[in-house]
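Colleague: Structure provided below as C-alpha cells; questions to follow.
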Amino acid sequence: MEEKDTFSIYSAPIQGLTELPWRHFHRAVYGDGVTAYHTPFLRVERSEVRQRDVKALESEMNASVPLVPQLILRDVREMEMLVDKVTGAGYDRIDINMGCPFPPQVHHGRGAGMIARRDLLEALGDEMRNHYPDVKFSLKMRLGVDSPDEWREAIEPINRMSLVRLTVHPRTARQQYSGELHMGEFGELLKVSAHPVVYNGDILEPSDIFRIREAYPTVEGVMVGRGLFSRPSIVAEWREERAWDERTRAERMLQLHSLLYDYYTERVSGDGQLMGKLKPFWDYLEGVDRRTLKMMKKAVTIRKYDEAVAAIERDLLG
Ligand SMILES: Cc1cc2nc3c(=O)[nH]c(=O)nc-3n(C[C@H](O)[C@H](O)[C@H](O)COP(=O)(O)O)c2cc1C
C-alpha cells in the first residue's frame, strides 16, 4: 500500500467535461484517490483571458480538490498574461499544453504546434526560471505532429526547463485520440527525460494502471482522461485493489450524474444550453443498449433527456 501511495494518478484536462462541478462532485462521490485534477486549458482570446475561466478558478468549490490549471499559449506574452491570472487566483501549479491536436491551434503554434518550436521552448524555459521561480510548472505533450519521433528535437529545451513533471500522450497530433500508441518511442523518451514522466493514453480499467506501472517502473504515475467518464470509479477501484461490482459502479455513476443535473438545472437556463452542458457527460458511456445511446444523442429537450437517463438506468440497473 505504501508503495502505491507514491504513484500519482491525475485526472486529464478535457474541454467541456473536467470543469468545476464535475471535479467537485467526482471527488465527493469517489473520494480522494485522484492525486490532482487538471482544468481544461485556459487561453487568450481576443487579447484577453476569459473572465469566466478566472472566476471558475476562484470558486470555493475548488477547495476540496487538488487542482492544476492548464494553459495553452503560443508565445511568452500569452504565457505571462495567463500565468499572472492563474497565480493571481492563488495557484502555484500550472500545466502547459503541448499536445492539443486541433489544426487551428497547431497552425498558430499552440498545443502540439509547440513541439517544433525550439526557440519558443527555450524562451519559455527562461521565463520559468527568471520570472516565475515559485511556480511549479508541468508540461503535457504528444510525441509529434505528423511523426512520433518529432519529440527528439524538442527534448533538450524541455529538459532544461524547470518542470515538476512531463506528461506524455504517445500519439501524434495527426492521430487525434485514437490509433496506435507508440510505446517504443514512449520508452525512449522516458529514458532521456530529465523530469519525472507521467503516462497518458487509453487507461480504461484499473488493470491498465497496473499494466503501465509494471511495464514502466520509473514512471511517476498515470493520467486518466476518458476512462474517468466511461468508468468514473477507476481510480477508487485501483486504490482499493478490488473491482467494484457492476451494480455499485452504475449506482455511483448515476449519483454523480444526478448531482451534475441538479447543479446545471439550477444555473443554466434554456433546454439548449442545458443539453450542451449535460449530454457530453454520457459520451463515453458503456454497457447500455445502442437505442439508449441514440435516445441520448437525439435529446434536445429536458423531457427527452430525462427519458434517455431513465433508459440508461433501466439498462444498467435492470
Ligand atoms: C473532447 C476532448 C477534449 C480535450 N481537452 C483537452 C485539454 O483542454 N487539454 C489537454 O491537455 N488535453 C485535452 N484533451 C486530451 C486529454 O487530456 C488526454 O490527453 C487524451 O484524451 C488521452 O487520454 P485518455 O485516453 O485517457 O482519454 C482532450 C481530449 C478530448 C477527447
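By convention here, the chains of the C-alpha cells are called A, B, ... in the order presented, each chain's residues are numbered starting at 1, and ligands are numbered starting at 1 in the order presented.
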Could you produce a table of the residues of range 63-172 of chain A lying within 12 Å of range 29-40 of chain A, with the nearest pair of atoms per residue and their separation in Å rounded to one decimal, using only C-alpha atoms, ordered by chain and increasing residue number, as a tab-separated table?

Modeller:
```
residue	atom	partner	partner_atom	distance
A:Ser64	CA	A:Asp32	CA	9.2
A:Val65	CA	A:Tyr37	CA	7.2
A:Pro66	CA	A:Ala36	CA	4.8
A:Leu67	CA	A:Tyr37	CA	5.0
A:Val68	CA	A:His38	CA	4.8
A:Pro69	CA	A:Thr39	CA	5.0
A:Gln70	CA	A:Thr39	CA	5.7
A:Leu71	CA	A:Pro40	CA	8.1
A:Ile72	CA	A:Pro40	CA	9.5
A:Val86	CA	A:Thr39	CA	11.4
A:Arg93	CA	A:His38	CA	10.1
A:Ile94	CA	A:His38	CA	9.1
A:Asp95	CA	A:His38	CA	8.0
A:Ile96	CA	A:His38	CA	10.6
A:Asn97	CA	A:Pro40	CA	9.6
A:Cys100	CA	A:Pro40	CA	10.9
A:Ser138	CA	A:His38	CA	11.1
A:Leu139	CA	A:His38	CA	11.8
A:Lys140	CA	A:His38	CA	10.8
A:Thr167	CA	A:His38	CA	11.9
```

Colleague: Include all heavy atoms and write out the residues we just selected as a compact mmCIF listing (two decimals), in the first residue's frame.

Modeller:
```txt
# COMPACT_ATOMS: atom_id res chain seq x y z
N SER A 64 -12.03 21.67 -2.18
CA SER A 64 -11.90 20.25 -1.80
C SER A 64 -11.06 19.47 -2.81
O SER A 64 -10.86 18.28 -2.64
CB SER A 64 -13.30 19.64 -1.72
OG SER A 64 -13.93 19.75 -2.99
N VAL A 65 -10.58 20.14 -3.86
CA VAL A 65 -9.97 19.42 -4.97
C VAL A 65 -8.54 19.90 -5.22
O VAL A 65 -8.33 21.09 -5.47
CB VAL A 65 -10.79 19.68 -6.27
CG1 VAL A 65 -10.17 18.99 -7.46
CG2 VAL A 65 -12.23 19.23 -6.09
N PRO A 66 -7.54 19.02 -5.19
CA PRO A 66 -6.20 19.45 -5.61
C PRO A 66 -6.23 19.74 -7.11
O PRO A 66 -6.59 18.86 -7.90
CB PRO A 66 -5.30 18.25 -5.30
CG PRO A 66 -6.21 17.11 -5.04
CD PRO A 66 -7.60 17.60 -4.82
N LEU A 67 -5.87 20.96 -7.47
CA LEU A 67 -6.16 21.40 -8.84
C LEU A 67 -4.93 21.99 -9.53
O LEU A 67 -4.19 22.77 -8.94
CB LEU A 67 -7.26 22.47 -8.78
CG LEU A 67 -7.83 22.95 -10.11
CD1 LEU A 67 -8.49 21.79 -10.86
CD2 LEU A 67 -8.84 24.06 -9.89
N VAL A 68 -4.73 21.59 -10.78
CA VAL A 68 -3.68 22.17 -11.60
C VAL A 68 -4.34 22.86 -12.80
O VAL A 68 -4.88 22.20 -13.67
CB VAL A 68 -2.69 21.09 -12.12
CG1 VAL A 68 -1.55 21.75 -12.89
CG2 VAL A 68 -2.16 20.23 -10.99
N PRO A 69 -4.32 24.18 -12.85
CA PRO A 69 -4.86 24.87 -14.02
C PRO A 69 -3.95 24.62 -15.23
O PRO A 69 -2.73 24.59 -15.09
CB PRO A 69 -4.82 26.35 -13.61
CG PRO A 69 -4.71 26.34 -12.11
CD PRO A 69 -3.93 25.12 -11.78
N GLN A 70 -4.59 24.45 -16.39
CA GLN A 70 -3.78 24.25 -17.61
C GLN A 70 -3.93 25.43 -18.55
O GLN A 70 -5.01 26.02 -18.67
CB GLN A 70 -4.21 22.98 -18.34
CG GLN A 70 -3.19 22.62 -19.42
CD GLN A 70 -3.68 21.65 -20.45
OE1 GLN A 70 -4.74 21.84 -21.05
NE2 GLN A 70 -2.91 20.60 -20.68
N LEU A 71 -2.84 25.77 -19.23
CA LEU A 71 -2.81 26.89 -20.16
C LEU A 71 -2.43 26.40 -21.55
O LEU A 71 -1.63 25.49 -21.69
CB LEU A 71 -1.74 27.90 -19.75
CG LEU A 71 -1.62 28.27 -18.28
CD1 LEU A 71 -0.44 29.23 -18.11
CD2 LEU A 71 -2.92 28.89 -17.80
N ILE A 72 -2.98 27.08 -22.58
CA ILE A 72 -2.47 26.86 -23.94
C ILE A 72 -2.00 28.23 -24.43
O ILE A 72 -2.66 29.25 -24.17
CB ILE A 72 -3.55 26.24 -24.85
CG1 ILE A 72 -2.90 25.66 -26.12
CG2 ILE A 72 -4.65 27.22 -25.22
CD1 ILE A 72 -3.81 24.72 -26.88
N VAL A 86 -3.57 33.22 -13.34
CA VAL A 86 -3.70 31.98 -12.57
C VAL A 86 -3.04 32.11 -11.19
O VAL A 86 -3.61 31.72 -10.17
CB VAL A 86 -3.10 30.78 -13.37
CG1 VAL A 86 -3.01 29.55 -12.50
CG2 VAL A 86 -3.97 30.50 -14.59
N ARG A 93 0.61 25.90 -9.11
CA ARG A 93 0.92 24.79 -10.02
C ARG A 93 0.24 25.08 -11.36
O ARG A 93 -0.94 25.41 -11.40
CB ARG A 93 0.37 23.48 -9.47
CG ARG A 93 1.01 23.09 -8.16
CD ARG A 93 0.73 21.64 -7.86
NE ARG A 93 -0.58 21.44 -7.28
CZ ARG A 93 -1.07 20.26 -6.95
NH1 ARG A 93 -0.37 19.17 -7.19
NH2 ARG A 93 -2.27 20.14 -6.42
N ILE A 94 0.99 24.95 -12.42
CA ILE A 94 0.45 25.28 -13.74
C ILE A 94 0.94 24.27 -14.77
O ILE A 94 2.14 23.96 -14.83
CB ILE A 94 0.90 26.70 -14.17
CG1 ILE A 94 0.23 27.75 -13.26
CG2 ILE A 94 0.59 26.96 -15.65
CD1 ILE A 94 0.57 29.19 -13.59
N ASP A 95 0.01 23.76 -15.56
CA ASP A 95 0.38 22.84 -16.64
C ASP A 95 0.29 23.56 -17.98
O ASP A 95 -0.62 24.36 -18.20
CB ASP A 95 -0.59 21.64 -16.64
CG ASP A 95 -0.11 20.53 -17.55
OD1 ASP A 95 0.91 19.89 -17.21
OD2 ASP A 95 -0.74 20.31 -18.61
N ILE A 96 1.24 23.28 -18.85
CA ILE A 96 1.24 23.90 -20.18
C ILE A 96 0.93 22.84 -21.23
O ILE A 96 1.51 21.75 -21.23
CB ILE A 96 2.58 24.60 -20.48
CG1 ILE A 96 2.77 25.74 -19.46
CG2 ILE A 96 2.62 25.13 -21.91
CD1 ILE A 96 4.04 26.52 -19.64
N ASN A 97 -0.02 23.18 -22.10
CA ASN A 97 -0.49 22.25 -23.12
C ASN A 97 0.41 22.26 -24.35
O ASN A 97 0.54 23.27 -25.02
CB ASN A 97 -1.92 22.66 -23.50
CG ASN A 97 -2.54 21.73 -24.53
OD1 ASN A 97 -1.89 21.34 -25.50
ND2 ASN A 97 -3.79 21.37 -24.31
N CYS A 100 -2.39 19.69 -27.74
CA CYS A 100 -3.68 19.88 -28.41
C CYS A 100 -3.52 19.67 -29.92
O CYS A 100 -2.67 20.31 -30.56
CB CYS A 100 -4.23 21.28 -28.12
SG CYS A 100 -5.84 21.53 -28.91
N SER A 138 4.39 22.22 -15.13
CA SER A 138 4.48 20.91 -15.77
C SER A 138 4.09 21.08 -17.23
O SER A 138 3.53 22.12 -17.62
CB SER A 138 3.55 19.90 -15.08
OG SER A 138 2.23 20.41 -15.02
N LEU A 139 4.42 20.07 -18.03
CA LEU A 139 4.15 20.15 -19.46
C LEU A 139 3.43 18.87 -19.87
O LEU A 139 3.76 17.79 -19.39
CB LEU A 139 5.50 20.23 -20.18
CG LEU A 139 5.58 20.77 -21.58
CD1 LEU A 139 5.14 22.22 -21.63
CD2 LEU A 139 7.04 20.68 -22.08
N LYS A 140 2.44 19.02 -20.74
CA LYS A 140 1.71 17.83 -21.23
C LYS A 140 1.87 17.78 -22.74
O LYS A 140 1.47 18.71 -23.43
CB LYS A 140 0.25 17.94 -20.83
CG LYS A 140 -0.63 16.81 -21.34
CD LYS A 140 -1.98 16.86 -20.66
CE LYS A 140 -2.90 15.76 -21.14
NZ LYS A 140 -3.52 16.05 -22.44
N THR A 167 4.07 15.09 -18.80
CA THR A 167 3.06 14.07 -19.12
C THR A 167 3.10 13.80 -20.61
O THR A 167 3.16 14.74 -21.41
CB THR A 167 1.65 14.56 -18.71
OG1 THR A 167 1.68 14.89 -17.33
CG2 THR A 167 0.60 13.49 -18.96
```

Colleague: Find the residues near ligand 1. Use a cut-off of 10 Å, count only C-alpha atoms and all ligand atoms, and write them as an MDAnalysis selection string.

Modeller: chainID A and resid 10:18 38:43 69:72 95:102 111:112 139:142 167:171 176:178 181 199:204 222:230 280 283:284

Colleague: Considering only C-alpha atoms, state which residue in the set A:Trp238, A:Trp282, A:Tyr305, A:Phe137 is at the smallest distance from Ile9 in chain A.

Modeller: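 Answer, going by the shortest atom-to-atom distance: A:Trp238.
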
Colleague: List the neighbours of Pro21 in chain A out to 8 Å using only C-alpha atoms; skip same-chain residues closer than 3 positions along the sequence, and give me the result as a ChimeraX atom specification.

Modeller: /A:24-25,61,260,263

Colleague: Which residue gives the smallest distance to Pro206 in chain A among A:Arg50, A:Arg74, A:Arg242, A:His26, with only C-alpha atoms counted?

Modeller: A:Arg242

Colleague: Going by DSSP on the backbone, which bits of range 152-235 of chain A are strand (DSSP E)? Write them as a PyMOL selection string, please.

Modeller: chain A and resi 163-172+197-200+221-224
